[in-house]
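Data from upload-v1.cif: mmCIF, C-alpha atoms
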data_work
loop_
_atom_site.label_atom_id
_atom_site.label_comp_id
_atom_site.auth_asym_id
_atom_site.auth_seq_id
_atom_site.Cartn_x
_atom_site.Cartn_y
_atom_site.Cartn_z
CA MET D 1 3.45 -81.89 131.48
CA ILE D 2 0.12 -80.97 133.03
CA ALA D 3 1.13 -79.66 136.45
CA PRO D 4 1.18 -77.25 138.23
CA PHE D 5 -2.47 -77.04 137.17
CA TYR D 6 -2.81 -73.34 138.01
CA LYS D 7 0.18 -72.40 135.86
CA TYR D 8 -1.31 -74.36 132.97
CA GLY D 9 -4.46 -72.27 133.29
CA LEU D 10 -6.78 -75.08 134.39
CA PHE D 11 -8.61 -72.64 136.68
CA GLY D 12 -8.61 -68.95 137.54
CA ASP D 13 -7.86 -66.66 140.47
CA PHE D 14 -11.20 -67.06 142.18
CA THR D 15 -10.94 -70.86 142.21
CA SER D 16 -7.37 -70.59 143.47
CA LEU D 17 -8.64 -68.86 146.64
CA ILE D 18 -11.10 -71.70 147.30
CA ILE D 19 -8.25 -74.17 146.80
CA ALA D 20 -6.14 -72.10 149.21
CA PHE D 21 -8.86 -72.45 151.83
CA LEU D 22 -9.14 -76.23 151.31
CA ILE D 23 -5.37 -76.75 151.38
CA GLY D 24 -5.25 -74.64 154.55
CA ILE D 25 -7.81 -76.94 156.17
CA GLY D 26 -5.57 -79.91 155.42
CA PHE D 27 -2.52 -78.04 156.68
CA GLY D 28 -4.20 -77.05 159.96
CA PHE D 29 -5.71 -80.51 160.42
CA PHE D 30 -2.39 -82.35 160.22
CA LEU D 31 -0.57 -79.73 162.33
CA GLU D 32 -3.12 -80.31 165.10
CA ARG D 33 -3.03 -84.11 164.66
CA ALA D 34 0.76 -83.96 165.06
CA GLY D 35 0.36 -82.26 168.44
CA PHE D 36 1.58 -78.89 167.19
CA GLY D 37 -1.30 -76.98 168.74
CA ASN D 38 0.42 -77.48 172.09
CA ALA D 39 3.47 -75.37 172.98
CA ARG D 40 4.73 -77.99 175.44
CA THR D 41 4.88 -80.64 172.72
CA LEU D 42 6.73 -78.23 170.44
CA ALA D 43 9.17 -76.99 173.10
CA ALA D 44 9.99 -80.58 174.14
CA GLN D 45 11.97 -80.77 170.88
CA PHE D 46 14.56 -78.42 172.34
CA TYR D 47 14.99 -80.47 175.55
CA PHE D 48 15.30 -83.79 173.65
CA THR D 49 12.32 -85.35 175.45
CA ASP D 50 9.99 -85.52 172.41
CA LEU D 51 11.45 -84.98 168.95
CA ARG D 52 8.08 -84.71 167.19
CA VAL D 53 8.90 -81.36 165.60
CA PHE D 54 11.88 -82.85 163.82
CA LYS D 55 10.13 -86.12 162.91
CA VAL D 56 6.95 -84.54 161.56
CA MET D 57 8.74 -81.73 159.75
CA PHE D 58 11.27 -83.96 158.03
CA THR D 59 8.74 -86.68 157.21
CA ALA D 60 6.65 -83.97 155.54
CA ILE D 61 9.67 -82.61 153.67
CA LEU D 62 10.69 -86.12 152.52
CA THR D 63 7.14 -86.93 151.37
CA ALA D 64 6.76 -83.74 149.35
CA MET D 65 10.37 -83.85 148.09
CA LEU D 66 9.98 -87.42 146.78
CA GLY D 67 6.56 -86.63 145.28
CA ILE D 68 7.90 -83.60 143.44
CA PHE D 69 10.98 -85.52 142.29
CA TYR D 70 9.05 -88.49 140.89
CA LEU D 71 6.23 -86.43 139.35
CA SER D 72 8.80 -84.33 137.50
CA TRP D 73 10.79 -87.43 136.55
CA ILE D 74 7.80 -89.06 134.86
CA GLY D 75 7.04 -85.77 133.14
CA LEU D 76 3.85 -84.70 134.90
CA LEU D 77 5.20 -81.75 136.88
CA ASP D 78 7.17 -78.91 135.31
CA LEU D 79 9.78 -77.93 137.88
CA SER D 80 10.61 -74.68 136.09
CA LEU D 81 7.07 -73.42 136.82
CA ILE D 82 7.36 -74.10 140.55
CA TYR D 83 7.95 -71.08 142.75
CA VAL D 84 11.30 -71.23 144.54
CA SER D 85 11.99 -68.07 146.52
CA ASP D 86 15.31 -66.31 145.94
CA THR D 87 18.07 -66.94 148.44
CA TYR D 88 19.52 -64.04 150.43
CA LEU D 89 21.99 -65.95 152.56
CA LEU D 90 22.96 -63.59 155.41
CA PRO D 91 19.52 -62.17 156.21
CA GLN D 92 18.09 -65.70 156.06
CA ILE D 93 20.72 -66.95 158.51
CA ALA D 94 20.06 -64.02 160.87
CA GLY D 95 16.29 -64.41 160.45
CA GLY D 96 16.55 -68.14 161.17
CA LEU D 97 18.46 -67.54 164.42
CA ILE D 98 15.98 -64.85 165.59
CA LEU D 99 13.05 -67.05 164.60
CA GLY D 100 14.56 -70.02 166.45
CA ALA D 101 14.86 -67.85 169.56
CA GLY D 102 11.23 -66.79 169.17
CA PHE D 103 10.24 -70.45 168.77
CA VAL D 104 11.75 -71.63 172.08
CA ILE D 105 10.75 -68.47 174.00
CA GLY D 106 7.18 -68.34 172.71
CA GLY D 107 6.63 -72.04 172.09
CA TYR D 108 5.19 -71.74 168.59
CA CYS D 109 5.82 -70.74 165.02
CA PRO D 110 3.20 -68.81 163.02
CA GLY D 111 1.29 -71.81 161.62
CA THR D 112 1.26 -73.75 164.87
CA SER D 113 0.16 -70.72 166.92
CA ALA D 114 -2.88 -70.39 164.64
CA VAL D 115 -3.82 -74.02 165.32
CA SER D 116 -3.15 -73.50 169.01
CA ALA D 117 -5.39 -70.42 169.16
CA SER D 118 -8.18 -72.13 167.21
CA THR D 119 -8.19 -75.01 169.70
CA GLY D 120 -8.60 -72.60 172.62
CA ARG D 121 -5.03 -72.02 173.79
CA ILE D 122 -4.64 -68.53 175.25
CA ASP D 123 -0.85 -68.61 174.88
CA GLY D 124 -1.31 -69.32 171.16
CA ALA D 125 -3.59 -66.31 170.75
CA VAL D 126 -1.20 -64.05 172.70
CA TYR D 127 1.67 -65.35 170.58
CA LEU D 128 -0.24 -64.32 167.43
CA LEU D 129 -0.68 -60.81 168.87
CA GLY D 130 3.05 -60.69 169.63
CA MET D 131 3.83 -61.75 166.08
CA ILE D 132 1.61 -59.01 164.66
CA ALA D 133 3.43 -56.51 166.92
CA GLY D 134 6.76 -57.87 165.63
CA LEU D 135 5.62 -57.47 162.03
CA VAL D 136 4.63 -53.84 162.68
CA VAL D 137 8.01 -53.17 164.32
CA PHE D 138 9.82 -54.75 161.36
CA ALA D 139 7.74 -52.82 158.82
CA GLU D 140 8.24 -49.49 160.61
CA CYS D 141 11.99 -50.11 160.89
CA PHE D 142 12.23 -51.46 157.34
CA PRO D 143 14.08 -48.40 155.90
CA LEU D 144 16.82 -48.98 158.52
CA VAL D 145 17.32 -52.66 157.71
CA GLU D 146 16.53 -52.57 153.99
CA SER D 147 20.17 -52.83 152.86
CA PHE D 148 20.79 -55.86 155.11
CA TYR D 149 17.45 -57.36 154.02
CA ASN D 150 18.73 -57.33 150.43
CA ALA D 151 22.31 -58.37 151.25
CA THR D 152 24.05 -61.44 149.73
CA PRO D 153 21.50 -62.12 146.96
CA MET D 154 22.03 -65.51 145.29
CA GLY D 155 18.93 -65.68 143.12
CA ARG D 156 16.82 -68.81 142.62
CA ILE D 157 19.24 -71.51 143.70
CA THR D 158 18.70 -75.06 144.91
CA LEU D 159 21.10 -77.36 146.77
CA PRO D 160 21.81 -79.56 143.69
CA GLU D 161 22.78 -76.41 141.77
CA LEU D 162 24.83 -75.01 144.64
CA PHE D 163 26.80 -78.22 145.25
CA GLN D 164 26.75 -79.31 141.58
CA VAL D 165 25.28 -82.68 142.50
CA PRO D 166 22.61 -84.49 140.43
CA TYR D 167 19.09 -83.79 141.75
CA GLY D 168 18.23 -87.48 142.20
CA LEU D 169 21.45 -88.22 144.06
CA LEU D 170 20.84 -85.39 146.54
CA VAL D 171 17.24 -86.54 147.09
CA PHE D 172 18.59 -90.01 147.82
CA LEU D 173 21.25 -88.69 150.24
CA ILE D 174 18.69 -86.58 152.11
CA VAL D 175 16.41 -89.62 152.52
CA ILE D 176 19.32 -91.67 153.90
CA MET D 177 20.36 -88.90 156.31
CA ALA D 178 16.79 -88.32 157.49
CA VAL D 179 16.17 -92.02 158.17
CA GLY D 180 19.43 -92.11 160.14
CA ALA D 181 18.39 -89.00 162.07
CA PHE D 182 14.95 -90.50 162.83
CA ALA D 183 16.62 -93.59 164.32
CA GLY D 184 19.11 -91.43 166.25
CA GLY D 185 16.27 -89.22 167.50
CA SER D 186 14.29 -92.15 168.85
CA TRP D 187 17.39 -93.41 170.63
CA VAL D 188 17.89 -89.99 172.28
CA GLU D 189 14.22 -89.90 173.36
CA LYS D 190 14.57 -93.31 175.02
CA ARG D 191 17.72 -92.24 176.86
CA MET D 192 16.05 -89.06 178.10
CA ALA D 193 13.04 -91.08 179.28
CA THR D 194 15.16 -93.43 181.38
CA ARG D 195 17.25 -90.56 182.78
CA LYS D 196 14.30 -88.74 184.26
CA GLY D 197 12.09 -91.78 184.75
CA ALA D 198 11.85 -91.38 188.54
CA THR D 199 10.68 -87.74 188.60
CA HIS D 200 8.30 -87.77 185.62
CA THR D 201 6.11 -90.83 185.35
CA MET M 1 -19.24 -93.84 169.21
CA SER M 2 -19.76 -91.09 171.73
CA THR M 3 -19.17 -87.49 170.71
CA THR M 4 -19.39 -86.24 174.28
CA THR M 5 -16.12 -87.84 175.33
CA ARG M 6 -14.02 -85.42 177.35
CA VAL M 7 -10.82 -87.43 177.39
CA PRO M 8 -8.52 -86.00 174.69
CA GLN M 9 -7.28 -88.59 172.23
CA PRO M 10 -3.51 -89.02 171.93
CA TYR M 11 -1.74 -87.24 169.08
CA TRP M 12 -1.02 -89.19 165.94
CA ASN M 13 2.18 -91.07 165.30
CA PRO M 14 4.56 -88.31 164.12
CA TYR M 15 5.46 -90.14 160.90
CA ILE M 16 1.79 -90.58 159.92
CA ALA M 17 1.07 -86.90 160.66
CA GLY M 18 4.22 -85.97 158.75
CA ILE M 19 3.15 -87.94 155.68
CA GLY M 20 -0.26 -86.23 155.82
CA LEU M 21 1.38 -82.83 156.05
CA GLY M 22 3.75 -83.73 153.22
CA LEU M 23 0.87 -84.78 150.96
CA VAL M 24 -0.89 -81.45 151.61
CA LEU M 25 2.34 -79.65 150.69
CA LEU M 26 2.73 -81.82 147.57
CA ALA M 27 -0.88 -81.05 146.59
CA ALA M 28 -0.14 -77.32 146.90
CA TYR M 29 2.82 -77.70 144.55
CA VAL M 30 0.98 -79.86 142.01
CA ILE M 31 -2.21 -77.78 141.98
CA MET M 32 -0.79 -74.28 142.47
CA GLY M 33 2.95 -74.47 141.76
CA ARG M 34 3.70 -73.02 145.17
CA GLY M 35 4.00 -74.32 148.72
CA LEU M 36 2.44 -73.45 152.06
CA GLY M 37 2.91 -70.37 154.21
CA ALA M 38 1.80 -68.74 157.43
CA SER M 39 3.64 -65.54 158.33
CA GLY M 40 2.94 -64.02 154.90
CA ALA M 41 -0.80 -63.99 155.59
CA PHE M 42 -0.27 -62.00 158.78
CA THR M 43 2.05 -59.60 156.97
CA THR M 44 -0.72 -58.96 154.44
CA LEU M 45 -3.13 -58.38 157.33
CA VAL M 46 -0.75 -55.91 159.01
CA SER M 47 -0.11 -54.12 155.72
CA ALA M 48 -3.83 -53.88 154.97
CA GLY M 49 -4.35 -52.49 158.48
CA ALA M 50 -1.61 -49.90 157.97
CA GLY M 51 -3.08 -49.03 154.58
CA ALA M 52 -6.52 -48.49 156.11
CA ILE M 53 -5.35 -46.45 159.14
CA ALA M 54 -2.60 -44.39 157.50
CA PRO M 55 -2.75 -44.73 153.69
CA ASP M 56 -0.03 -42.16 152.94
CA HIS M 57 2.33 -43.61 155.55
CA ALA M 58 1.82 -47.16 154.23
CA ALA M 59 2.30 -46.12 150.60
CA ALA M 60 5.60 -44.44 151.48
CA ASN M 61 6.97 -47.56 153.16
CA PRO M 62 8.29 -50.05 150.55
CA PHE M 63 7.57 -52.96 152.89
CA TYR M 64 3.85 -52.22 153.25
CA ALA M 65 3.64 -51.10 149.63
CA GLU M 66 4.80 -54.49 148.37
CA TYR M 67 2.02 -56.29 150.21
CA LEU M 68 -0.60 -53.68 149.31
CA GLY M 69 0.03 -54.05 145.59
CA ASP M 70 -0.96 -51.44 143.02
CA GLY M 71 -4.40 -50.77 144.51
CA THR M 72 -6.34 -52.50 141.72
CA ARG M 73 -7.49 -55.29 144.00
CA ASN M 74 -8.13 -55.83 147.68
CA PRO M 75 -4.82 -57.00 149.24
CA LEU M 76 -6.77 -59.39 151.50
CA LEU M 77 -7.92 -61.39 148.45
CA ASP M 78 -4.63 -63.20 148.75
CA TRP M 79 -3.78 -66.89 148.44
CA LEU M 80 -1.99 -67.11 151.80
CA VAL M 81 -4.75 -65.21 153.62
CA PHE M 82 -7.33 -67.74 152.43
CA GLU M 83 -4.97 -70.61 153.20
CA MET M 84 -4.49 -69.31 156.77
CA ILE M 85 -8.27 -69.04 157.30
CA GLY M 86 -8.32 -72.71 156.31
CA VAL M 87 -5.57 -73.48 158.84
CA PHE M 88 -7.70 -72.05 161.67
CA VAL M 89 -10.68 -74.13 160.50
CA GLY M 90 -8.65 -77.31 159.94
CA GLY M 91 -6.95 -77.02 163.32
CA TYR M 92 -10.30 -76.52 165.01
CA LEU M 93 -11.85 -79.51 163.20
CA SER M 94 -9.00 -81.81 164.15
CA GLY M 95 -9.04 -80.60 167.76
CA ALA M 96 -12.83 -80.92 168.03
CA LEU M 97 -12.87 -84.45 166.57
CA ALA M 98 -10.19 -85.53 169.06
CA GLY M 99 -11.71 -83.81 172.09
CA ARG M 100 -8.75 -81.45 172.39
CA ILE M 101 -10.54 -78.06 172.37
CA ARG M 102 -9.73 -76.49 175.72
CA VAL M 103 -9.44 -72.89 176.85
CA THR M 104 -6.16 -73.05 178.71
CA THR M 105 -2.56 -71.87 178.69
CA GLU M 106 0.13 -74.40 177.79
CA LYS M 107 3.14 -74.05 180.10
CA GLY M 108 5.51 -75.94 182.36
CA PRO M 109 4.69 -76.42 186.07
CA ASN M 110 7.25 -73.87 187.30
CA ILE M 111 6.01 -70.67 185.70
CA THR M 112 2.94 -68.48 186.29
CA VAL M 113 0.35 -67.97 183.58
CA ALA M 114 1.13 -64.25 183.41
CA ARG M 115 4.83 -64.85 182.82
CA ARG M 116 4.11 -67.55 180.25
CA LEU M 117 1.85 -65.16 178.33
CA LEU M 118 4.52 -62.44 178.48
CA PHE M 119 7.03 -64.90 177.01
CA ALA M 120 4.49 -65.96 174.37
CA PHE M 121 4.10 -62.31 173.34
CA LEU M 122 7.87 -61.71 173.24
CA GLY M 123 8.51 -64.95 171.35
CA GLY M 124 5.82 -64.04 168.86
CA GLY M 125 7.44 -60.64 168.38
CA LEU M 126 10.84 -62.18 167.66
CA MET M 127 9.15 -64.65 165.31
CA GLY M 128 7.56 -61.81 163.36
CA ILE M 129 10.88 -60.01 162.95
CA GLY M 130 12.83 -63.18 162.14
CA ALA M 131 10.29 -64.43 159.63
CA LYS M 132 10.40 -61.19 157.67
CA LEU M 133 14.20 -61.05 157.68
CA ALA M 134 14.31 -64.65 156.45
CA ARG M 135 11.48 -64.09 153.90
CA GLY M 136 9.34 -66.78 155.46
CA CYS M 137 8.79 -68.91 158.54
CA THR M 138 8.95 -72.61 159.34
CA SER M 139 6.10 -73.10 156.84
CA GLY M 140 7.03 -70.83 153.96
CA GLN M 141 10.77 -71.47 154.12
CA GLY M 142 11.21 -74.62 156.23
CA LEU M 143 8.63 -77.00 154.76
CA THR M 144 8.00 -75.31 151.43
CA GLY M 145 11.59 -74.44 150.54
CA GLY M 146 12.87 -77.62 152.17
CA ALA M 147 10.88 -79.86 149.82
CA VAL M 148 12.23 -78.18 146.66
CA LEU M 149 15.77 -78.12 148.10
CA ASN M 150 15.91 -74.32 148.14
CA ALA M 151 19.45 -73.46 149.31
CA GLY M 152 18.40 -70.45 151.42
CA SER M 153 15.63 -72.48 153.06
CA TRP M 154 18.01 -75.20 154.21
CA ALA M 155 20.47 -72.63 155.62
CA PHE M 156 17.50 -70.99 157.35
CA MET M 157 16.25 -74.27 158.81
CA LEU M 158 19.63 -75.16 160.31
CA CYS M 159 19.71 -71.72 161.94
CA VAL M 160 16.18 -72.07 163.35
CA PHE M 161 17.15 -75.26 165.18
CA GLY M 162 20.54 -73.76 166.10
CA GLY M 163 18.98 -70.60 167.54
CA ALA M 164 16.36 -72.50 169.48
CA TYR M 165 18.80 -75.05 170.96
CA ALA M 166 21.26 -72.29 171.87
CA LEU M 167 18.61 -70.49 173.90
CA ALA M 168 16.72 -73.51 175.28
CA TYR M 169 18.77 -73.76 178.48
CA PHE M 170 17.99 -70.15 179.46
CA VAL M 171 14.23 -70.47 179.15
CA ARG M 172 13.95 -74.01 180.54
CA ARG M 173 11.92 -72.88 183.57
CA GLN M 174 9.10 -72.06 181.20
CA TRP M 175 8.79 -75.62 179.99
CA LEU M 176 10.37 -78.11 182.41
#

Write-out of the structure in structure tokens:
Amino acid sequence: MIAPFYKYGLFGDFTSLIIAFLIGIGFGFFLERAGFGNARTLAAQFYFTDLRVFKVMFTAILTAMLGIFYLSWIGLLDLSLIYVSDTYLLPQIAGGLILGAGFVIGGYCPGTSAVSASTGRIDGAVYLLGMIAGLVVFAECFPLVESFYNATPMGRITLPELFQVPYGLLVFLIVIMAVGAFAGGSWVEKRMATRKGATHT
Amino acid sequence: MSTTTRVPQPYWNPYIAGIGLGLVLLAAYVIMGRGLGASGAFTTLVSAGAGAIAPDHAAANPFYAEYLGDGTRNPLLDWLVFEMIGVFVGGYLSGALAGRIRVTTEKGPNITVARRLLFAFLGGGLMGIGAKLARGCTSGQGLTGGAVLNAGSWAFMLCVFGGAYALAYFVRRQWL
């Protein structure tokens, strides 16, 4: 085992911030390349006309998931040293629903709004201001929601542990489901394109 | 090759862009042992702001206090803050190389700019609240937790798509 490098002390805190900056550049670059600096591209996901959000997001998840799986399998990456945030089921479900609403109303999520603002989009910059306002509201109201925020704690738990399924089998099933969903998504896009073909060229 | 081209290049094939994004996420895990994030950086920024404007008030609030730490180091010297600065730079670089830098407002044809910006602000506000309740956003929970099969992250992700699809019909005039 030699990875994660940082956890094995290959470099210190200062270097980690430089790495953060470089990784951020890669993150922002590919978000913009994917078309995620544009709210219309992102919102199209929710009207079935362009399923890029789903395709990009799940291709990224599959790529990283398979990389992590194989690197740990051949003994390079120590999974126990990887940070997996604790699950708090109910607040995460509620947060997901609220965040989904914010996504379709505002047209972005936090990372994509940053890319949008940095490529000149005014709506992206205004969205960032709205998010900062939302964070202040949440922080100021935190004492009121604190008990719900900490409700249904489940600790550090992954899907293989939750369903008692071997890690490799679940990785395999997710790949199969994703490939099926990619094919289904492309079929839906084609149908939507022919349906509205006359009005939108 | 001309660098003065004003015609924006088309976006990349989503699977190619997705593999690129996935490799960046994988690199974060292999190098740092953690994934990507976005909303956390802004929470640190807000907490640092609160700590600067009203130190006593911020210290008394457990939410701010967690992000401010024990006061031995500047809270802005944070991994996610530096990563987010990189995101702004990387997004700009990609946009500039593809001729996509434009000062404009993205919206559908049936809504005014003012209304679109109002919705952007409201949506951002909901995003801020939702991301804190869920302990992360589409980056910190969706991508990052998704790749390590974090149970809470997958429940969260289903709800993000569920919430957005449930509301899409009511805000369609913004986009269609």

Take the PyMOL selection byres ((chain M and resi 40-43) around 9), run it mentally on this structure, and tell me the resulting residues as a short mmCIF file (atom, residue, chain, number, x, y, z; two decimals) with C-alpha atoms, keeping the file's coordinate frame.
data_model
loop_
_atom_site.label_atom_id
_atom_site.label_comp_id
_atom_site.auth_asym_id
_atom_site.auth_seq_id
_atom_site.Cartn_x
_atom_site.Cartn_y
_atom_site.Cartn_z
CA PRO D 110 3.20 -68.81 163.02
CA LEU D 128 -0.24 -64.32 167.43
CA MET D 131 3.83 -61.75 166.08
CA ILE D 132 1.61 -59.01 164.66
CA LEU D 135 5.62 -57.47 162.03
CA VAL D 136 4.63 -53.84 162.68
CA GLY M 37 2.91 -70.37 154.21
CA ALA M 38 1.80 -68.74 157.43
CA SER M 39 3.64 -65.54 158.33
CA THR M 44 -0.72 -58.96 154.44
CA LEU M 45 -3.13 -58.38 157.33
CA VAL M 46 -0.75 -55.91 159.01
CA SER M 47 -0.11 -54.12 155.72
CA ALA M 48 -3.83 -53.88 154.97
CA TYR M 64 3.85 -52.22 153.25
CA TYR M 67 2.02 -56.29 150.21
CA LEU M 76 -6.77 -59.39 151.50
CA ASP M 78 -4.63 -63.20 148.75
CA TRP M 79 -3.78 -66.89 148.44
CA LEU M 80 -1.99 -67.11 151.80
CA VAL M 81 -4.75 -65.21 153.62
CA PHE M 82 -7.33 -67.74 152.43
CA GLU M 83 -4.97 -70.61 153.20
CA MET M 84 -4.49 -69.31 156.77
CA GLY M 128 7.56 -61.81 163.36
CA ALA M 131 10.29 -64.43 159.63
CA LYS M 132 10.40 -61.19 157.67
CA ARG M 135 11.48 -64.09 153.90
CA GLY M 136 9.34 -66.78 155.46
CA CYS M 137 8.79 -68.91 158.54
CA GLY M 140 7.03 -70.83 153.96
#

Of D:Phe58, D:Asp50, D:Leu42, D:Arg33, the one nearest to M:Thr144 when counting only C-alpha atoms is D:Phe58

Need to verify the contact set: D:Ile174, 10 Å, only C-alpha atoms, exclusion of same-chain residues closer than 2 positions in sequence. Can you return it as a ChimeraX atom specification? /D:58,61-62,65,168-172,176-180 /M:149

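Proximity of D:Leu97, D:Leu89, D:Val104, D:Ala34 to D:Phe46, computed with only C-alpha atoms, is greatest for D:Val104.
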
Taking the file above as input, evaluate the PyMOL selection byres ((chain D and resi 103) around 10) and report the hits as a compact mmCIF listing (two decimals) with C-alpha atoms, in the frame of the given file.
# COMPACT_ATOMS: atom_id res chain seq x y z
CA ALA D 39 3.47 -75.37 172.98
CA LEU D 42 6.73 -78.23 170.44
CA ALA D 43 9.17 -76.99 173.10
CA PHE D 46 14.56 -78.42 172.34
CA LEU D 97 18.46 -67.54 164.42
CA ILE D 98 15.98 -64.85 165.59
CA LEU D 99 13.05 -67.05 164.60
CA GLY D 100 14.56 -70.02 166.45
CA ALA D 101 14.86 -67.85 169.56
CA GLY D 102 11.23 -66.79 169.17
CA VAL D 104 11.75 -71.63 172.08
CA ILE D 105 10.75 -68.47 174.00
CA GLY D 106 7.18 -68.34 172.71
CA GLY D 107 6.63 -72.04 172.09
CA TYR D 108 5.19 -71.74 168.59
CA CYS D 109 5.82 -70.74 165.02
CA PRO D 110 3.20 -68.81 163.02
CA ALA M 120 4.49 -65.96 174.37
CA GLY M 123 8.51 -64.95 171.35
CA GLY M 124 5.82 -64.04 168.86
CA LEU M 126 10.84 -62.18 167.66
CA MET M 127 9.15 -64.65 165.31
CA THR M 138 8.95 -72.61 159.34
CA VAL M 160 16.18 -72.07 163.35
CA PHE M 161 17.15 -75.26 165.18
CA GLY M 163 18.98 -70.60 167.54
CA ALA M 164 16.36 -72.50 169.48
CA TYR M 165 18.80 -75.05 170.96
CA LEU M 167 18.61 -70.49 173.90
CA ALA M 168 16.72 -73.51 175.28

All residues 8 Å or closer to stretch 28-31 of chain D, only C-alpha atoms, same chain fewer than 4 positions away omitted, as a VMD selection string: (chain D and resid 24 35 to 37 111 to 112 115) or (chain M and resid 17 to 18 20 to 21 86 to 94)

For the selection just defined, write its residues with C-alpha atoms to a file, as a PDB file, keeping the file's coordinate frame.
ATOM      1  CA  GLY D  24      -5.250 -74.640 154.550  1.00  0.00           C
ATOM      2  CA  GLY D  35       0.360 -82.260 168.440  1.00  0.00           C
ATOM      3  CA  PHE D  36       1.580 -78.890 167.190  1.00  0.00           C
ATOM      4  CA  GLY D  37      -1.300 -76.980 168.740  1.00  0.00           C
ATOM      5  CA  GLY D 111       1.290 -71.810 161.620  1.00  0.00           C
ATOM      6  CA  THR D 112       1.260 -73.750 164.870  1.00  0.00           C
ATOM      7  CA  VAL D 115      -3.820 -74.020 165.320  1.00  0.00           C
TER       8      VAL D 115
ATOM      9  CA  ALA M  17       1.070 -86.900 160.660  1.00  0.00           C
ATOM     10  CA  GLY M  18       4.220 -85.970 158.750  1.00  0.00           C
ATOM     11  CA  GLY M  20      -0.260 -86.230 155.820  1.00  0.00           C
ATOM     12  CA  LEU M  21       1.380 -82.830 156.050  1.00  0.00           C
ATOM     13  CA  GLY M  86      -8.320 -72.710 156.310  1.00  0.00           C
ATOM     14  CA  VAL M  87      -5.570 -73.480 158.840  1.00  0.00           C
ATOM     15  CA  PHE M  88      -7.700 -72.050 161.670  1.00  0.00           C
ATOM     16  CA  VAL M  89     -10.680 -74.130 160.500  1.00  0.00           C
ATOM     17  CA  GLY M  90      -8.650 -77.310 159.940  1.00  0.00           C
ATOM     18  CA  GLY M  91      -6.950 -77.020 163.320  1.00  0.00           C
ATOM     19  CA  TYR M  92     -10.300 -76.520 165.010  1.00  0.00           C
ATOM     20  CA  LEU M  93     -11.850 -79.510 163.200  1.00  0.00           C
ATOM     21  CA  SER M  94      -9.000 -81.810 164.150  1.00  0.00           C
TER      22      SER M  94
END
